[in-house]
>>> print(open('final.txt').read())   # compact mmCIF, C-alpha atoms
# COMPACT_ATOMS: atom_id res chain seq x y z
CA MET A 1 11.80 5.07 -16.73
CA LYS A 2 9.91 2.90 -14.25
CA ALA A 3 10.37 3.40 -10.53
CA MET A 4 8.71 2.25 -7.33
CA MET A 5 7.40 5.36 -5.59
CA MET A 6 6.08 5.50 -2.05
CA LYS A 7 3.35 8.06 -2.71
CA GLU A 8 1.91 7.81 0.80
CA TYR A 9 2.90 5.80 3.83
CA MET A 10 2.11 2.14 3.08
CA LYS A 11 1.23 2.97 -0.54
CA LEU A 12 3.80 1.82 -3.09
CA GLU A 13 3.23 2.22 -6.83
CA ILE A 14 5.17 1.56 -10.01
CA VAL A 15 5.28 4.91 -11.84
CA ASP A 16 6.63 6.22 -15.13
CA ILE A 17 8.87 9.24 -14.59
CA PRO A 18 11.65 10.94 -16.59
CA ILE A 19 15.14 9.49 -16.46
CA PRO A 20 17.07 11.79 -14.08
CA GLU A 21 19.31 14.41 -15.63
CA ILE A 22 22.87 14.38 -14.33
CA ARG A 23 24.96 17.28 -13.11
CA GLU A 24 28.58 17.92 -14.10
CA ASN A 25 29.92 15.82 -11.20
CA GLU A 26 27.44 12.95 -11.55
CA VAL A 27 26.96 9.77 -13.54
CA LEU A 28 23.79 8.03 -14.66
CA VAL A 29 23.69 4.41 -13.47
CA LYS A 30 21.39 1.78 -14.95
CA ILE A 31 20.40 -0.30 -11.92
CA LYS A 32 21.01 -4.03 -12.28
CA VAL A 33 20.24 -5.12 -8.71
CA ALA A 34 18.77 -3.25 -5.74
CA SER A 35 18.76 -4.84 -2.29
CA VAL A 36 15.97 -4.15 0.19
CA CYS A 37 17.09 -2.82 3.57
CA GLY A 38 15.18 -3.38 6.79
CA SER A 39 15.20 0.38 7.31
CA ASP A 40 13.04 0.78 4.20
CA ILE A 41 10.55 -1.73 5.58
CA HIS A 42 10.46 0.12 8.92
CA GLY A 43 10.23 3.46 7.10
CA MET A 44 7.09 2.51 5.19
CA ASN A 45 4.74 3.23 8.09
CA GLY A 46 6.25 6.63 8.91
CA ASN A 47 7.67 5.75 12.31
CA SER A 48 11.25 6.62 11.39
CA LYS A 49 10.42 10.00 9.79
CA ARG A 50 13.25 9.33 7.32
CA ARG A 51 11.12 8.15 4.42
CA GLN A 52 8.65 11.01 4.04
CA PRO A 53 6.55 10.50 0.88
CA PRO A 54 6.71 10.92 -1.98
CA ILE A 55 10.03 9.10 -2.21
CA ILE A 56 11.77 6.44 -4.29
CA MET A 57 13.50 4.38 -1.62
CA GLY A 58 16.55 2.14 -2.01
CA HIS A 59 20.17 2.74 -1.08
CA GLU A 60 21.85 -0.65 -1.62
CA ALA A 61 22.41 -1.30 -5.31
CA SER A 62 24.73 -1.90 -8.24
CA GLY A 63 24.64 -1.24 -11.94
CA VAL A 64 26.37 0.02 -15.09
CA ILE A 65 27.27 3.62 -15.97
CA GLU A 66 25.30 4.89 -18.98
CA GLU A 67 26.23 8.58 -18.97
CA VAL A 68 29.08 10.60 -17.43
CA GLY A 69 29.05 14.27 -16.40
CA LYS A 70 31.64 16.59 -17.97
CA ASP A 71 33.59 17.07 -14.70
CA VAL A 72 33.79 13.36 -13.85
CA ALA A 73 37.22 11.71 -13.99
CA GLY A 74 38.11 8.06 -13.48
CA PHE A 75 34.78 6.60 -14.62
CA ALA A 76 33.45 5.80 -18.08
CA VAL A 77 30.32 4.55 -19.79
CA GLY A 78 30.10 0.79 -19.34
CA ASP A 79 31.84 0.65 -15.95
CA ARG A 80 30.26 -1.77 -13.48
CA VAL A 81 29.78 0.07 -10.17
CA THR A 82 28.26 0.19 -6.75
CA PHE A 83 28.01 3.22 -4.48
CA ASP A 84 27.86 4.49 -0.92
CA SER A 85 24.48 5.33 0.56
CA THR A 86 25.83 8.59 2.00
CA VAL A 87 26.07 11.64 -0.25
CA TYR A 88 28.66 13.80 1.49
CA CYS A 89 29.89 17.26 0.56
CA GLY A 90 33.67 16.75 0.82
CA GLU A 91 34.16 20.31 2.08
CA CYS A 92 32.98 20.52 5.69
CA GLY A 93 35.17 19.91 8.74
CA TYR A 94 34.00 16.33 9.17
CA CYS A 95 34.66 15.43 5.55
CA LYS A 96 38.12 17.00 5.67
CA SER A 97 38.91 15.01 8.83
CA GLN A 98 37.89 11.81 7.00
CA GLN A 99 34.59 11.38 8.83
CA ILE A 100 32.39 11.50 5.77
CA ASN A 101 29.53 9.68 7.50
CA LEU A 102 29.18 12.68 9.84
CA CYS A 103 29.15 15.28 7.04
CA ASP A 104 27.33 18.49 8.00
CA HIS A 105 25.45 18.33 4.69
CA ARG A 106 24.93 14.57 4.62
CA MET A 107 22.11 13.11 2.57
CA VAL A 108 21.14 9.46 2.20
CA LEU A 109 20.00 7.94 -1.05
CA GLY A 110 16.37 6.90 -0.93
CA ALA A 111 15.61 9.05 2.09
CA SER A 112 13.60 12.19 2.78
CA THR A 113 13.62 13.84 6.18
CA GLY A 114 11.91 17.18 5.72
CA GLU A 115 15.33 18.81 5.29
CA TYR A 116 16.10 17.03 2.00
CA ARG A 117 14.71 14.49 -0.45
CA ARG A 118 17.09 12.21 -2.38
CA HIS A 119 15.46 9.59 -4.57
CA GLY A 120 17.00 6.16 -4.47
CA ALA A 121 17.63 2.95 -6.38
CA TYR A 122 14.25 1.24 -6.64
CA ALA A 123 14.18 2.40 -10.24
CA GLU A 124 15.66 1.64 -13.64
CA TYR A 125 18.12 4.55 -13.40
CA ILE A 126 19.68 6.75 -10.72
CA SER A 127 21.98 9.79 -10.81
CA ILE A 128 24.98 9.40 -8.51
CA PRO A 129 27.77 11.85 -7.55
CA ALA A 130 30.99 10.32 -8.87
CA HIS A 131 32.82 10.67 -5.55
CA ILE A 132 30.62 8.04 -3.87
CA LEU A 133 31.10 5.45 -6.66
CA TYR A 134 33.17 2.26 -6.48
CA LYS A 135 34.25 0.22 -9.50
CA LEU A 136 33.54 -3.49 -9.47
CA ASP A 137 36.06 -6.16 -10.29
CA ASP A 138 34.78 -8.65 -12.86
CA ALA A 139 34.86 -11.35 -10.17
CA ILE A 140 32.15 -9.53 -8.16
CA SER A 141 28.55 -10.16 -9.19
CA PHE A 142 25.92 -7.43 -9.28
CA GLU A 143 24.06 -9.32 -6.54
CA ASP A 144 27.04 -9.28 -4.19
CA ALA A 145 27.81 -5.67 -5.08
CA ALA A 146 24.29 -4.63 -4.06
CA MET A 147 25.13 -5.81 -0.53
CA VAL A 148 28.42 -3.95 -0.14
CA GLU A 149 26.65 -1.07 1.63
CA PRO A 150 25.22 -3.12 4.54
CA MET A 151 28.51 -5.02 4.84
CA SER A 152 30.32 -1.68 5.11
CA VAL A 153 27.89 -0.54 7.80
CA ALA A 154 28.64 -3.72 9.77
CA LEU A 155 32.40 -3.20 9.37
CA HIS A 156 32.30 0.46 10.40
CA ALA A 157 30.82 -0.49 13.77
CA ILE A 158 33.64 -3.00 14.27
CA HIS A 159 36.21 -0.30 13.47
CA LEU A 160 34.82 1.85 16.31
CA LEU A 161 35.80 -0.80 18.87
CA PRO A 162 39.33 -1.27 20.22
CA PRO A 163 41.05 -4.28 18.61
CA VAL A 164 40.83 -6.75 21.51
CA LYS A 165 41.12 -9.78 19.26
CA ASP A 166 42.06 -12.32 21.94
CA GLY A 167 39.29 -11.17 24.26
CA CYS A 168 35.59 -11.89 23.99
CA LEU A 169 33.09 -10.04 21.81
CA VAL A 170 29.37 -10.65 22.29
CA LEU A 171 27.16 -9.85 19.30
CA PHE A 172 23.42 -9.34 19.78
CA GLY A 173 21.19 -10.09 16.81
CA THR A 174 21.04 -12.59 13.94
CA GLY A 175 19.74 -10.39 11.13
CA THR A 176 21.57 -9.35 7.98
CA ILE A 177 23.99 -6.89 9.60
CA ALA A 178 24.74 -9.24 12.50
CA LEU A 179 25.51 -12.23 10.26
CA PHE A 180 27.74 -10.10 8.04
CA ALA A 181 29.47 -8.88 11.22
CA VAL A 182 30.23 -12.47 12.26
CA GLN A 183 32.09 -13.05 9.01
CA LEU A 184 33.91 -9.72 9.19
CA LEU A 185 35.00 -10.30 12.80
CA LYS A 186 36.45 -13.69 11.89
CA LEU A 187 38.22 -12.20 8.86
CA GLN A 188 39.95 -9.86 11.31
CA ASP A 189 40.93 -12.75 13.61
CA PHE A 190 38.57 -12.11 16.51
CA ASN A 191 38.89 -15.39 18.40
CA ASN A 192 35.96 -15.46 20.83
CA VAL A 193 32.76 -14.30 19.17
CA VAL A 194 29.53 -15.04 21.07
CA VAL A 195 26.29 -14.51 19.13
CA VAL A 196 23.04 -13.99 21.04
CA GLY A 197 19.66 -14.23 19.33
CA ARG A 198 16.15 -15.64 19.24
CA ASN A 199 15.99 -17.16 15.75
CA HIS A 200 17.18 -20.79 15.88
CA LYS A 201 17.86 -21.04 12.15
CA ASN A 202 19.92 -17.86 12.10
CA LEU A 203 21.83 -18.86 15.22
CA GLN A 204 22.88 -22.03 13.43
CA LEU A 205 23.94 -19.88 10.46
CA ALA A 206 26.01 -17.72 12.81
CA LYS A 207 27.78 -20.87 14.03
CA GLU A 208 28.37 -21.96 10.43
CA LEU A 209 29.81 -18.53 9.59
CA GLY A 210 32.32 -18.68 12.44
CA ALA A 211 30.69 -17.84 15.78
CA ASP A 212 32.53 -19.54 18.64
CA LEU A 213 29.43 -19.76 20.84
CA ILE A 214 25.73 -19.22 20.11
CA VAL A 215 23.20 -18.35 22.81
CA ASP A 216 19.45 -18.72 22.35
CA SER A 217 18.04 -15.94 24.52
CA THR A 218 14.66 -17.69 24.64
CA GLN A 219 16.31 -20.63 26.41
CA GLU A 220 19.04 -19.11 28.58
CA ASP A 221 20.03 -15.76 30.05
CA PRO A 222 22.63 -14.07 27.79
CA THR A 223 24.52 -12.44 30.66
CA THR A 224 24.86 -15.73 32.54
CA ALA A 225 26.00 -17.52 29.38
CA VAL A 226 28.64 -14.87 28.61
CA MET A 227 29.87 -14.82 32.20
CA ASN A 228 30.23 -18.60 32.19
CA TYR A 229 32.07 -18.48 28.85
CA THR A 230 34.52 -15.85 30.15
CA LYS A 231 35.02 -17.48 33.57
CA GLN A 232 32.99 -14.72 35.26
CA VAL A 233 35.15 -11.89 33.87
CA GLY A 234 32.71 -10.60 31.26
CA ALA A 235 33.09 -9.71 27.61
CA ASP A 236 35.64 -7.14 26.48
CA LEU A 237 33.38 -5.88 23.71
CA ALA A 238 29.68 -5.89 22.88
CA TYR A 239 28.00 -5.19 19.53
CA ASP A 240 24.23 -4.62 19.36
CA ALA A 241 22.76 -5.22 15.91
CA ALA A 242 19.27 -5.98 17.26
CA GLY A 243 18.33 -2.60 18.71
CA ALA A 244 15.91 -3.66 21.44
CA GLN A 245 15.83 -2.49 25.05
CA SER A 246 16.53 -6.06 26.15
CA THR A 247 19.66 -6.40 24.02
CA PHE A 248 20.87 -2.95 25.07
CA ASP A 249 20.51 -3.97 28.73
CA SER A 250 22.19 -7.33 28.19
CA ALA A 251 25.11 -5.72 26.38
CA ILE A 252 25.71 -3.42 29.36
CA HIS A 253 25.46 -6.21 31.91
CA CYS A 254 27.65 -8.78 30.15
CA LEU A 255 30.65 -6.45 29.75
CA ARG A 256 33.69 -6.58 31.98
CA LYS A 257 34.87 -3.43 33.77
CA GLY A 258 36.30 -1.01 31.24
CA GLY A 259 34.47 -2.74 28.38
CA HIS A 260 33.32 -1.14 25.13
CA PHE A 261 29.88 -1.38 23.54
CA VAL A 262 28.88 -0.33 20.01
CA THR A 263 25.24 -0.02 19.01
CA ILE A 264 24.15 0.11 15.40
CA ALA A 265 20.37 -0.40 15.53
CA ASN A 266 17.35 0.99 17.32
CA LEU A 267 13.77 -0.18 17.12
CA THR A 268 12.58 2.76 19.23
CA PRO A 269 14.01 6.29 19.51
CA GLU A 270 14.63 6.09 23.27
CA PHE A 271 16.07 3.51 25.68
CA THR A 272 16.66 3.61 29.41
CA ILE A 273 20.19 2.94 30.63
CA ASP A 274 21.72 1.53 33.82
CA MET A 275 23.77 4.60 34.69
CA LEU A 276 25.21 3.00 37.83
CA SER A 277 26.80 0.21 35.77
CA LEU A 278 27.97 2.66 33.14
CA ILE A 279 29.78 4.84 35.68
CA THR A 280 31.03 2.44 38.34
CA ARG A 281 32.28 -0.09 35.77
CA GLN A 282 33.68 2.65 33.50
CA LEU A 283 32.01 1.42 30.33
CA THR A 284 32.22 3.13 26.94
CA ILE A 285 29.26 3.26 24.57
CA HIS A 286 29.75 4.04 20.88
CA GLY A 287 26.98 4.94 18.48
CA SER A 288 27.72 3.82 14.91
CA CYS A 289 26.39 5.78 11.94
CA ALA A 290 26.43 4.32 8.41
CA SER A 291 29.94 3.70 7.04
CA ASN A 292 33.10 5.70 6.50
CA GLY A 293 34.82 4.36 3.41
CA GLU A 294 34.84 0.70 4.46
CA ASN A 295 33.43 -0.19 1.01
CA GLU A 296 36.93 -0.65 -0.44
CA GLU A 297 37.85 -3.23 2.18
CA ILE A 298 34.60 -5.12 1.58
CA LEU A 299 35.14 -5.12 -2.20
CA THR A 300 38.63 -6.59 -1.73
CA TRP A 301 37.27 -9.44 0.39
CA LEU A 302 34.45 -10.09 -2.10
CA LYS A 303 36.98 -10.21 -4.95
CA GLU A 304 38.98 -12.77 -2.98
CA GLY A 305 35.84 -14.83 -2.28
CA LYS A 306 36.11 -14.41 1.48
CA ILE A 307 32.54 -13.24 2.23
CA ARG A 308 29.47 -15.44 1.78
CA THR A 309 26.18 -13.94 0.64
CA ASP A 310 24.27 -16.99 -0.60
CA TYR A 311 22.46 -17.60 2.70
CA VAL A 312 21.11 -14.06 2.97
CA ILE A 313 19.14 -13.80 -0.29
CA SER A 314 15.47 -14.51 0.36
CA ALA A 315 14.31 -14.03 -3.24
CA LYS A 316 14.93 -12.18 -6.50
CA ILE A 317 11.99 -10.36 -8.06
CA SER A 318 11.17 -7.83 -10.74
CA LEU A 319 10.52 -4.16 -10.03
CA GLU A 320 6.83 -4.67 -10.86
CA GLU A 321 6.54 -7.32 -8.14
CA ALA A 322 8.25 -5.19 -5.50
CA PRO A 323 5.30 -3.20 -4.06
CA GLU A 324 3.41 -6.34 -3.07
CA TYR A 325 6.50 -8.07 -1.65
CA LEU A 326 7.58 -5.11 0.46
CA LEU A 327 4.11 -4.75 1.94
CA ARG A 328 4.00 -8.48 2.70
CA ILE A 329 7.36 -8.21 4.46
CA HIS A 330 6.12 -5.22 6.46
CA HIS A 331 3.04 -7.16 7.56
CA LYS A 332 5.28 -10.09 8.59
CA GLU A 333 3.63 -12.39 6.11
CA ILE A 334 7.18 -13.34 5.08
CA PRO A 335 8.86 -14.27 8.38
CA GLU A 336 12.23 -15.37 7.00
CA PHE A 337 13.08 -12.09 5.21
CA GLN A 338 16.81 -11.40 5.01
CA LYS A 339 17.56 -9.75 1.67
CA LEU A 340 15.11 -9.26 -1.16
CA LEU A 341 16.86 -8.43 -4.43
CA ILE A 342 14.98 -6.30 -6.96
CA LEU A 343 16.03 -6.73 -10.60
CA PRO A 344 14.65 -3.74 -12.55
CA GLU A 345 15.22 -5.49 -15.87
CA GLY A 346 12.82 -8.22 -14.76
CA THR A 347 13.05 -11.81 -15.92
CA GLY A 348 16.16 -13.12 -17.60
CA PRO A 349 19.28 -15.14 -16.78
CA GLU A 350 19.61 -13.43 -13.38
CA LYS A 351 15.95 -14.00 -12.44
CA SER A 352 15.54 -16.61 -9.71
CA GLU A 353 12.74 -19.15 -9.60
CA GLN A 354 12.90 -18.92 -5.80
CA SER A 355 9.90 -17.25 -4.16
CA PHE A 356 8.50 -16.80 -0.68
>>> encode(input="final.txt", output="structure tokens")
Amino acid sequence: MKAMMMKEYMKLEIVDIPIPEIRENEVLVKIKVASVCGSDIHGMNGNSKRRQPPIIMGHEASGVIEEVGKDVAGFAVGDRVTFDSTVYCGECGYCKSQQINLCDHRMVLGASTGEYRRHGAYAEYISIPAHILYKLDDAISFEDAAMVEPMSVALHAIHLLPPVKDGCLVLFGTGTIALFAVQLLKLQDFNNVVVVGRNHKNLQLAKELGADLIVDSTQEDPTTAVMNYTKQVGADLAYDAAGAQSTFDSAIHCLRKGGHFVTIANLTPEFTIDMLSLITRQLTIHGSCASNGENEEILTWLKEGKIRTDYVISAKISLEEAPEYLLRIHHKEIPEFQKLLILPEGTGPEKSEQSF
């Protein structure tokens, strides 16, 4: 099969390798669509240490089952599927307490950390443990299914916050996760969602997707704007999907006393924190890791047509085109990148004429 291998940092190549053999509890999936995650772009230069070459990246994808292991039940050849990015053991204490994202033996598809290497979905085929698979309803396209994983990540962070639906939630960031989060918050009847960002186009998208107030942080101070919106009380909840020191600080400062803050992104490994505010205002900070079974909820909403994805797709390309495109994104030659969809089968009825 063909696959896109990162042989060295910043060196991507299309290679011919054997189709993976499956174990008794696995299925072989023919990839129809693979979605590019920002973490793969950031991992290409080695800063994250979670994409150590050689590695086939890619953890957001969908496809069709072509082979089923002898111990697999509930799935058959021809099933349309997507899958979680987390390969969990199902046996450790965290798995048994339904915290699969914290599994002691957790691996991530398309990642290599020095402790493990698990090739991912930027390929024609991938072997997947059956217990992380999800069947697709016929109403769900392969394109939408390839974005279930990032939607689930966005939803998991929401689930970590107390359900203060009539209060105010301030969301920092206007990237893919943030814009999915806007939709998911409104689907759960959050009534006062403030979105803070720097990208004018994406701020307008956030408003279109349901944000009650948008704040351009290049034009006004986010804390002042949130305080004015809440009549100087402060937000009940904050959600950081940007991962910068500035957004971390703003999230702390715009919260009311007793507020909760969930952070899902980090551009650098370490931040400083205003400990005085944290303690004297009794704030709670939650870190959010991956997802914990939220895929089912996302698939239900997609089936019902309640989540938009059209705005987020930057382009659709073949696997052969992917190395050049990913490097161009990394070098910021493509400033409007949201989601690049890789179609391993190349041109055809699903191939878009859209390009950067």
>>> closest_residue(input="final.txt", among="A:Asn25, A:Thr309, A:Gln52, A:Gln245", to="A:Glu270", atoms="only C-alpha atoms")
A:Gln245
>>> atom_distance(input="final.txt", atom1="atom CA of A:Ile264", atom2="atom CA of A:Asp137")
29.0 Å
>>> axis_aligned_box(input="final.txt", around="stretch 254-270 of chain A", padding_each_side="6 Å", output="AutoDock Vina command-line options")
--center_x 24.4 --center_y -1.2 --center_z 24.6 --size_x 35.7 --size_y 27.1 --size_z 30.4
>>> closest_residue(input="final.txt", among="A:Asp138, A:Glu67, A:Glu91, A:Glu294", to="A:Ile126", atoms="all atoms listed in the file")
A:Glu67
>>> residues_near_point(input="final.txt", point="(22.5, -7.3, -4.7)", cutoff="10 Å", atoms="all atoms listed in the file", output="ChimeraX atom specification")
/A:32-36,60-63,82,141-149,309,313,316,339-343
>>> write_last_selection(input="final.txt", atoms="C-alpha atoms", output="PDB file, in the coordinates of the input")
ATOM      1  CA  LYS A  32      21.010  -4.030 -12.280  1.00  0.00           C
ATOM      2  CA  VAL A  33      20.240  -5.120  -8.710  1.00  0.00           C
ATOM      3  CA  ALA A  34      18.770  -3.250  -5.740  1.00  0.00           C
ATOM      4  CA  SER A  35      18.760  -4.840  -2.290  1.00  0.00           C
ATOM      5  CA  VAL A  36      15.970  -4.150   0.190  1.00  0.00           C
ATOM      6  CA  GLU A  60      21.850  -0.650  -1.620  1.00  0.00           C
ATOM      7  CA  ALA A  61      22.410  -1.300  -5.310  1.00  0.00           C
ATOM      8  CA  SER A  62      24.730  -1.900  -8.240  1.00  0.00           C
ATOM      9  CA  GLY A  63      24.640  -1.240 -11.940  1.00  0.00           C
ATOM     10  CA  THR A  82      28.260   0.190  -6.750  1.00  0.00           C
ATOM     11  CA  SER A 141      28.550 -10.160  -9.190  1.00  0.00           C
ATOM     12  CA  PHE A 142      25.920  -7.430  -9.280  1.00  0.00           C
ATOM     13  CA  GLU A 143      24.060  -9.320  -6.540  1.00  0.00           C
ATOM     14  CA  ASP A 144      27.040  -9.280  -4.190  1.00  0.00           C
ATOM     15  CA  ALA A 145      27.810  -5.670  -5.080  1.00  0.00           C
ATOM     16  CA  ALA A 146      24.290  -4.630  -4.060  1.00  0.00           C
ATOM     17  CA  MET A 147      25.130  -5.810  -0.530  1.00  0.00           C
ATOM     18  CA  VAL A 148      28.420  -3.950  -0.140  1.00  0.00           C
ATOM     19  CA  GLU A 149      26.650  -1.070   1.630  1.00  0.00           C
ATOM     20  CA  THR A 309      26.180 -13.940   0.640  1.00  0.00           C
ATOM     21  CA  ILE A 313      19.140 -13.800  -0.290  1.00  0.00           C
ATOM     22  CA  LYS A 316      14.930 -12.180  -6.500  1.00  0.00           C
ATOM     23  CA  LYS A 339      17.560  -9.750   1.670  1.00  0.00           C
ATOM     24  CA  LEU A 340      15.110  -9.260  -1.160  1.00  0.00           C
ATOM     25  CA  LEU A 341      16.860  -8.430  -4.430  1.00  0.00           C
ATOM     26  CA  ILE A 342      14.980  -6.300  -6.960  1.00  0.00           C
ATOM     27  CA  LEU A 343      16.030  -6.730 -10.600  1.00  0.00           C
TER      28      LEU A 343
END
>>> closest_residue(input="final.txt", among="A:Ala3, A:Ile307, A:Ala73, A:Ile22", to="A:Pro54", atoms="all atoms listed in the file")
A:Ala3
>>> closest_residue(input="final.txt", among="A:Asp71, A:Asp40, A:Glu66, A:Glu21", to="A:Ser112", atoms="only C-alpha atoms")
A:Asp40
>>> atom_distance(input="final.txt", atom1="atom CA of A:Glu324", atom2="atom CA of A:Asp84")
26.8 Å
>>> closest_residue(input="final.txt", among="A:Pro163, A:Val226, A:Pro344, A:Glu26", to="A:Asp189", atoms="all atoms listed in the file")
A:Pro163
>>> residues_near_point(input="final.txt", point="(16.9, -4.8, 23.1)", cutoff="10 Å", atoms="all atoms listed in the file", output="list of chain:residue names")
A:Phe172, A:Gly173, A:Asp240, A:Ala241, A:Ala242, A:Gly243, A:Ala244, A:Gln245, A:Ser246, A:Thr247, A:Phe248, A:Asp249, A:Ser250, A:Ala251, A:Ala265, A:Asn266, A:Leu267, A:Thr268, A:Phe271
>>> closest_residue(input="final.txt", among="A:Ala225, A:Leu276, A:Val194, A:Ala139", to="A:Lys303", atoms="all atoms listed in the file")
A:Ala139
>>> atom_distance(input="final.txt", atom1="atom CA of A:Gly110", atom2="atom CA of A:Tyr239")
26.5 Å
>>> residues_around(input="final.txt", residues="A:Ala76", least_positions_apart="2", cutoff="10 Å", atoms="all atoms listed in the file", output="PyMOL selection string")
chain A and resi 27+64-69+72-74+78-80
>>> residues_around(input="final.txt", residues="A:Gln232", least_positions_apart="3", cutoff="12 Å", atoms="only C-alpha atoms", output="list in words")
Cys168, Thr223, Thr224, Ala225, Val226, Met227, Asn228, Tyr229, Ala235, Asp236, His253, Cys254, Leu255, Arg256 and Lys257 of chain A
